[in-house]
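*Asks:* You'll find upload16.cif just under this line, and it carries mmCIF, C-alpha atoms and all ligand atoms.
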data_target
#
loop_
_atom_site.label_atom_id
_atom_site.label_comp_id
_atom_site.auth_asym_id
_atom_site.auth_seq_id
_atom_site.Cartn_x
_atom_site.Cartn_y
_atom_site.Cartn_z
CA MET G 1 87.31 76.22 108.01
CA PRO G 2 90.75 75.42 106.56
CA SER G 3 93.60 77.36 108.10
CA GLY G 4 95.64 79.71 105.90
CA LYS G 5 94.85 83.11 104.56
CA VAL G 6 92.44 83.89 101.77
CA LEU G 7 89.87 81.30 100.79
CA SER G 8 88.96 80.37 97.22
CA PRO G 9 85.48 81.34 95.95
CA LYS G 10 84.56 77.64 96.04
CA THR G 11 85.55 77.28 99.71
CA ILE G 12 83.75 80.50 100.62
CA ARG G 13 80.57 79.19 98.96
CA GLU G 14 80.91 75.86 100.76
CA ILE G 15 81.51 77.38 104.21
CA LEU G 16 78.57 79.73 103.82
CA SER G 17 76.17 77.14 102.40
CA GLN G 18 76.95 74.67 105.23
CA ARG G 19 75.39 77.30 107.49
CA LYS G 20 72.67 78.19 105.02
CA LEU G 21 74.28 81.58 104.47
CA ALA G 22 75.13 83.57 101.34
CA PRO G 23 77.17 86.76 100.84
CA ARG G 24 75.01 89.73 101.81
CA LYS G 25 75.32 92.55 99.34
CA SER G 26 73.52 94.90 101.72
CA LEU G 27 76.40 94.47 104.20
CA GLY G 28 79.10 94.95 101.57
CA GLN G 29 80.25 91.34 101.85
CA ASN G 30 82.94 90.94 99.20
CA PHE G 31 85.62 88.60 100.46
CA LEU G 32 89.25 88.94 99.39
CA THR G 33 90.56 85.97 97.44
CA ASP G 34 94.13 87.05 96.69
CA ASN G 35 97.04 86.61 99.09
CA ASN G 36 99.17 89.23 97.31
CA ILE G 37 96.60 91.92 98.08
CA LEU G 38 96.38 90.71 101.65
CA ALA G 39 100.17 91.06 101.92
CA LYS G 40 100.05 94.57 100.43
CA ILE G 41 97.46 95.66 102.99
CA THR G 42 99.38 94.30 105.96
CA GLU G 43 102.73 95.61 104.67
CA ALA G 44 101.18 99.07 104.42
CA GLY G 45 100.23 98.72 108.10
CA ILE G 46 103.91 98.36 109.16
CA ILE G 47 102.78 96.24 112.11
CA LYS G 48 105.20 96.05 115.03
CA PRO G 49 105.13 93.73 118.03
CA GLY G 50 103.09 95.54 120.66
CA ASP G 51 100.58 97.00 118.17
CA LEU G 52 96.86 96.76 118.80
CA VAL G 53 95.00 96.51 115.52
CA LEU G 54 91.32 97.21 115.09
CA GLU G 55 89.78 95.35 112.16
CA ILE G 56 86.33 96.34 110.95
CA GLY G 57 84.37 93.62 109.18
CA PRO G 58 86.62 90.55 109.50
CA GLY G 59 84.20 88.54 107.33
CA LEU G 60 85.63 85.01 107.16
CA GLY G 61 88.88 86.02 108.84
CA ALA G 62 91.41 86.09 105.97
CA LEU G 63 92.93 89.44 106.95
CA THR G 64 92.42 88.68 110.66
CA GLU G 65 94.66 85.64 110.31
CA VAL G 66 97.59 87.71 109.02
CA LEU G 67 97.01 90.50 111.54
CA LEU G 68 97.18 87.93 114.35
CA GLU G 69 100.56 86.72 113.10
CA GLN G 70 102.02 90.22 113.29
CA ALA G 71 100.24 92.20 116.03
CA GLU G 72 100.12 91.91 119.79
CA MET G 73 96.36 92.08 119.89
CA VAL G 74 93.54 92.28 117.33
CA MET G 75 90.06 93.63 118.01
CA ALA G 76 87.66 92.63 115.25
CA ILE G 77 84.12 93.93 114.90
CA GLU G 78 81.74 91.94 112.70
CA TYR G 79 78.11 92.92 112.39
CA ASP G 80 76.83 89.79 110.66
CA ARG G 81 75.76 87.21 113.23
CA GLY G 82 76.31 84.24 110.89
CA LEU G 83 79.87 85.28 110.01
CA PHE G 84 80.54 86.07 113.64
CA SER G 85 79.68 82.53 114.73
CA ILE G 86 81.99 81.09 112.04
CA LEU G 87 84.81 83.37 113.22
CA LYS G 88 84.18 82.51 116.85
CA GLU G 89 84.64 78.81 116.14
CA HIS G 90 87.59 79.22 113.83
CA PHE G 91 89.56 81.47 116.17
CA ALA G 92 88.42 79.78 119.40
CA SER G 93 91.99 79.06 120.50
CA SER G 94 93.39 82.48 119.65
CA GLU G 95 94.23 84.44 122.78
CA LYS G 96 95.30 87.52 120.85
CA LEU G 97 91.89 88.11 119.26
CA ARG G 98 88.88 89.85 120.74
CA LEU G 99 85.82 89.43 118.56
CA PHE G 100 82.71 91.57 118.82
CA ASN G 101 79.36 90.97 117.17
CA GLN G 102 78.25 94.54 116.70
CA ASP G 103 77.79 97.45 114.33
CA ILE G 104 80.94 99.57 114.07
CA MET G 105 78.75 102.68 113.95
CA GLU G 106 77.30 101.79 117.36
CA THR G 107 80.65 100.88 118.91
CA ASP G 108 82.25 102.94 121.66
CA LEU G 109 85.77 103.02 120.22
CA SER G 110 87.40 104.81 123.17
CA GLN G 111 86.13 102.14 125.51
CA LEU G 112 87.43 99.45 123.18
CA VAL G 113 91.03 100.68 123.16
CA LYS G 114 91.11 102.26 126.60
CA ASP G 115 93.94 100.10 127.97
CA GLN G 116 96.36 100.90 125.14
CA GLU G 117 98.08 104.25 124.65
CA SER G 118 100.41 103.66 121.72
CA GLY G 119 100.66 101.42 118.71
CA LEU G 120 96.97 101.78 117.88
CA LYS G 121 96.18 100.96 114.26
CA VAL G 122 93.14 100.33 112.11
CA ILE G 123 93.53 97.91 109.21
CA ALA G 124 90.41 96.90 107.32
CA ASN G 125 88.74 95.92 104.10
CA LEU G 126 85.80 98.23 104.73
CA PRO G 127 82.16 97.49 103.89
CA TYR G 128 81.60 99.84 100.96
CA TYR G 129 78.11 101.05 101.84
CA ILE G 130 79.37 102.94 104.91
CA THR G 131 83.01 103.67 104.09
CA THR G 132 82.88 107.45 104.60
CA PRO G 133 80.88 107.40 107.88
CA ILE G 134 83.31 104.80 109.26
CA ILE G 135 86.37 106.89 108.32
CA PHE G 136 84.87 110.01 109.92
CA LYS G 137 83.89 108.06 113.03
CA LEU G 138 87.45 106.78 113.45
CA VAL G 139 88.98 110.21 112.89
CA GLU G 140 86.57 111.98 115.21
CA ALA G 141 86.73 109.43 118.04
CA GLY G 142 89.55 111.36 119.76
CA ILE G 143 91.81 108.29 119.70
CA ASN G 144 95.55 108.54 119.23
CA TRP G 145 95.65 106.30 116.14
CA GLU G 146 99.14 105.74 114.78
CA LEU G 147 98.08 104.54 111.35
CA MET G 148 95.06 103.50 109.32
CA VAL G 149 95.08 101.28 106.25
CA PHE G 150 91.87 100.78 104.33
CA LEU G 151 90.79 98.88 101.29
CA VAL G 152 88.10 101.14 99.84
CA GLN G 153 86.31 101.59 96.56
CA LYS G 154 88.54 103.42 94.07
CA GLU G 155 86.16 106.36 93.97
CA VAL G 156 86.68 107.01 97.71
CA ALA G 157 90.46 106.84 97.25
CA GLU G 158 90.12 109.40 94.45
CA ARG G 159 88.12 111.68 96.75
CA LEU G 160 90.74 111.32 99.48
CA CYS G 161 93.54 112.30 97.09
CA ALA G 162 91.61 114.88 95.00
CA LYS G 163 92.97 118.27 93.96
CA PRO G 164 91.10 121.53 94.70
CA GLY G 165 88.62 122.44 91.97
CA SER G 166 88.02 118.84 90.85
CA LYS G 167 84.61 117.26 91.27
CA GLU G 168 86.02 114.65 93.67
CA TYR G 169 87.36 117.38 96.01
CA GLY G 170 85.12 117.77 99.05
CA SER G 171 84.89 117.77 102.83
CA LEU G 172 86.33 114.23 103.02
CA THR G 173 89.42 115.42 101.11
CA VAL G 174 89.98 118.53 103.21
CA MET G 175 89.34 116.98 106.63
CA LEU G 176 91.40 113.85 106.04
CA ASN G 177 94.35 115.71 104.54
CA PHE G 178 94.23 118.05 107.51
CA TYR G 179 94.08 115.11 109.92
CA GLY G 180 96.98 113.18 108.44
CA LYS G 181 99.16 112.25 105.54
CA VAL G 182 97.04 110.47 102.95
CA GLU G 183 98.71 108.00 100.59
CA LYS G 184 97.28 105.80 97.89
CA ILE G 185 99.23 102.55 98.09
CA GLY G 186 97.78 100.98 94.95
CA ASN G 187 94.73 99.93 93.00
CA VAL G 188 93.01 96.58 93.41
CA SER G 189 90.99 94.89 90.68
CA ARG G 190 87.39 93.87 91.39
CA LYS G 191 88.41 90.39 90.19
CA VAL G 192 90.17 89.55 93.49
CA PHE G 193 86.91 89.51 95.46
CA TYR G 194 84.17 86.95 95.85
CA PRO G 195 81.52 87.88 94.93
CA GLU G 196 82.94 90.36 92.43
CA PRO G 197 81.75 93.91 93.25
CA ASP G 198 80.69 96.43 90.59
CA VAL G 199 83.69 98.68 91.21
CA ASP G 200 87.47 98.50 91.53
CA SER G 201 89.21 99.29 94.81
CA SER G 202 92.33 100.94 96.20
CA ILE G 203 94.48 100.57 99.29
CA VAL G 204 94.95 103.86 101.14
CA ARG G 205 97.04 104.70 104.17
CA ILE G 206 96.42 107.58 106.55
CA THR G 207 99.13 108.59 108.99
CA PRO G 208 97.63 111.01 111.54
CA TYR G 209 99.72 114.12 112.31
CA ARG G 210 98.78 113.78 115.98
CA THR G 211 99.56 117.36 116.98
CA LEU G 212 97.67 119.35 119.56
CA GLU G 213 96.95 122.03 116.93
CA THR G 214 95.26 119.46 114.72
CA GLN G 215 93.06 118.28 117.58
CA LEU G 216 92.11 121.79 118.65
CA LEU G 217 91.38 123.16 115.19
CA TYR G 218 89.53 120.10 113.84
CA PRO G 219 85.98 120.96 115.05
CA ARG G 220 86.11 124.56 113.81
CA LEU G 221 87.67 123.61 110.50
CA SER G 222 85.02 120.93 110.09
CA ARG G 223 82.16 123.43 110.50
CA ILE G 224 83.72 125.86 108.01
CA VAL G 225 84.37 123.11 105.48
CA GLN G 226 80.77 121.85 105.83
CA ALA G 227 79.52 125.40 105.21
CA ALA G 228 81.81 125.83 102.19
CA PHE G 229 80.69 122.60 100.53
CA GLN G 230 77.00 122.77 101.46
CA GLN G 231 76.17 124.46 98.18
CA ARG G 232 79.12 123.96 95.92
CA ARG G 233 78.11 126.68 93.47
CA LYS G 234 78.12 129.44 96.09
CA THR G 235 81.12 131.75 96.46
CA ILE G 236 83.11 131.29 99.66
CA LEU G 237 81.91 134.76 100.72
CA ASN G 238 78.24 133.84 100.33
CA ALA G 239 78.63 130.39 101.81
CA LEU G 240 80.28 131.65 104.99
CA SER G 241 78.06 134.76 105.23
CA SER G 242 74.88 132.70 105.10
CA ASN G 243 76.27 130.50 107.88
CA GLY G 244 76.82 133.51 110.14
CA TYR G 245 80.59 133.68 109.96
CA PHE G 246 80.71 137.42 109.22
CA GLN G 247 78.88 140.41 110.72
CA SER G 248 78.48 141.75 107.18
CA LYS G 249 79.54 140.92 103.62
CA GLU G 250 81.97 143.84 103.74
CA GLU G 251 83.67 142.39 106.80
CA GLY G 252 83.78 139.00 105.06
CA GLU G 253 85.42 140.49 101.97
CA VAL G 254 88.11 142.16 104.05
CA LEU G 255 88.79 139.03 106.06
CA LEU G 256 88.99 136.75 103.05
CA LYS G 257 91.30 139.17 101.23
CA GLU G 258 93.50 139.38 104.33
CA HIS G 259 94.02 135.65 103.94
CA GLY G 260 94.83 135.98 100.26
CA ILE G 261 91.48 134.47 99.20
CA ASP G 262 89.41 136.12 96.47
CA PRO G 263 85.88 136.33 98.00
CA GLN G 264 84.36 135.37 94.65
CA ARG G 265 86.08 131.98 94.56
CA ARG G 266 84.00 128.90 95.28
CA GLY G 267 84.82 126.95 98.42
CA GLU G 268 85.68 123.91 96.32
CA THR G 269 88.72 125.75 94.89
CA LEU G 270 90.34 126.44 98.29
CA SER G 271 93.35 124.31 99.19
CA VAL G 272 93.61 122.58 102.56
CA ALA G 273 96.22 125.19 103.61
CA GLU G 274 93.82 128.00 102.68
CA PHE G 275 91.00 126.42 104.69
CA ILE G 276 93.35 126.13 107.67
CA SER G 277 94.54 129.73 107.45
CA LEU G 278 90.95 130.95 107.10
CA THR G 279 89.82 128.94 110.13
CA GLU G 280 92.67 130.32 112.21
CA GLY G 281 91.68 133.85 111.18
CA LEU G 282 87.99 133.56 112.02
CA VAL G 283 86.64 134.11 115.50
CA PRO G 284 86.62 130.82 117.41
CA GLU G 285 82.84 130.43 117.65
CA VAL G 286 79.95 131.77 115.58
N1 LIG G 301 87.63 91.26 105.90
C1 LIG G 301 86.95 90.38 104.99
C2 LIG G 301 87.80 90.20 103.76
O1 LIG G 301 88.69 91.03 103.53
O2 LIG G 301 87.60 89.22 103.02
C3 LIG G 301 85.54 90.88 104.62
C4 LIG G 301 85.46 92.32 104.14
S1 LIG G 301 83.87 92.76 103.51
C5 LIG G 301 84.33 93.95 102.29
C6 LIG G 301 83.16 93.80 104.76
C7 LIG G 301 82.79 93.11 106.07
O3 LIG G 301 82.20 94.11 106.94
C8 LIG G 301 81.76 92.02 105.98
O4 LIG G 301 82.19 90.92 106.73
C9 LIG G 301 80.48 92.62 106.60
O5 LIG G 301 79.61 91.68 107.18
C10 LIG G 301 81.07 93.56 107.63
N2 LIG G 301 80.21 94.68 108.01
C11 LIG G 301 79.27 95.30 107.26
N3 LIG G 301 78.69 96.30 107.93
C12 LIG G 301 79.27 96.33 109.14
C13 LIG G 301 79.10 97.16 110.30
N4 LIG G 301 78.19 98.14 110.31
N5 LIG G 301 79.88 96.92 111.38
C14 LIG G 301 80.80 95.91 111.38
N6 LIG G 301 80.99 95.11 110.31
C15 LIG G 301 80.25 95.31 109.21
#
How does the structure come out when it is put into structure tokens?

*Replies:*
Amino acid sequence: MPSGKVLSPKTIREILSQRKLAPRKSLGQNFLTDNNILAKITEAGIIKPGDLVLEIGPGLGALTEVLLEQAEMVMAIEYDRGLFSILKEHFASSEKLRLFNQDIMETDLSQLVKDQESGLKVIANLPYYITTPIIFKLVEAGINWELMVFLVQKEVAERLCAKPGSKEYGSLTVMLNFYGKVEKIGNVSRKVFYPEPDVDSSIVRITPYRTLETQLLYPRLSRIVQAAFQQRRKTILNALSSNGYFQSKEEGEVLLKEHGIDPQRRGETLSVAEFISLTEGLVPEV
């Protein structure tokens, strides 16, 4: 494989066909073919010497190559065995890279980063079919991530940045905006991938708040948010009542009003701050 960063569609086709491989749609294999986008992703990662970067789905190694230039250590997890063997050969002499042939959803992340306490980052062009489960897995792994930069489908970026009351606003929005500062860095045309996907993409950055309060409140907030969004048409009073959060509807009404929330509002209209205040006001366990 030629050295350098992104590969042209022609080179990608050649490398894959030499091994009797082809891009697998089922694994979200859309390879980046534009160095400017690669630069935008890595710039957003503000990589410092000493950083350990986790890359999910290195593919043919275009992003990996840049990460290796800037980070102390890169851990890259590629599920596809064919791509993994190409990567293994190409990066054989790289001492800064640890490559794993496994499914990110089956990976013990804490074990992976156990020797590093600071400068932990995730930078990845995520496989689109499991974007949301991957993001939740990373957030809920109990790891002190400093920063995450993802290339995701535009629709996921819109959900991450959605306003209360909009159809994109949901548990992903609330939990991620509670967990950290969410920024959309920019949009990316579908034309810069090979093969071209059916949707456009965006680069997003999440900077975790990393406070003890955030860690402690996360599980309780998560359960309340799940309950609120389970049936979007239900009022917040009914949604939480049917999930056992109040002894009675009357008690629920009083509690919601105490937090400045009209009990007849739907959960999807509550801001992140309102969800937080409500969670703090409810008894710790139901
Ligand atoms: N990083 C490359 C790039 O930017 O050109 C490829 C990105 S491609 C959108 C997603 C990559 O994730 C593919 O290489 C795919 O094989 C890999 N992948 C898919 N499912 C995976 C999983 N469950 N665990 C780890 N990698 C996975």

*Asks:* Residues within 7 Å of ligand LIG 301 (chain G) (all atoms listed in the file), as a VMD selection string?

*Replies:* chain G and resid 27 to 32 56 to 63 77 to 80 83 102 to 105 124 to 128

*Asks:* Extract, using all atoms listed in the file, all DNA, RNA and protein residues at most 8 Å from range 205-213 of chain G, discarding same-chain residues fewer than 6 positions from it, and format them as a ChimeraX atom specification.

*Replies:* /G:44-45,144-150,179-185

*Asks:* I'd like the contact shell of Pro164 in chain G - 7 Å cut-off, only C-alpha atoms, skipping same-chain residues fewer than 4 positions apart - returned as a ChimeraX atom specification.

*Replies:* /G:169,268-271

*Asks:* Would you compute the distance between CA of Thr33 in chain G and CA of Ser17 in chain G? Give it in Å to one decimal.

*Replies:*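 We find that CA of Thr33 in chain G and CA of Ser17 in chain G lie 17.6 Å from each other.
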
*Asks:* Quick one: pull the distance between CA of Met175 in chain G and CA of Val53 in chain G, Å, one decimal.

*Replies:*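 Separation between CA of Met175 in chain G and CA of Val53 in chain G: 23.0 Å.
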
*Asks:* Could you please give me, as an NGL selection string, the residues of protein, DNA or RNA lying at most 10 Å from (85.2, 136.6, 102.8) in the coordinate frame of the file, considering only C-alpha atoms?

*Replies:* :G and (235-241 or 245-246 or 248-265 or 278)

*Asks:* What's the separation between CA of Glu95 in chain G and CA of Leu38 in chain G, in Å to one decimal place?

*Replies:*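 Computing it gives 22.1 Å between the two atoms.
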
*Asks:* Using only C-alpha atoms, can you tell me which of G:Ala228, G:Val74, G:Leu97, G:Leu52 comes closest to Gln116 in chain G?

*Replies:* G:Leu52
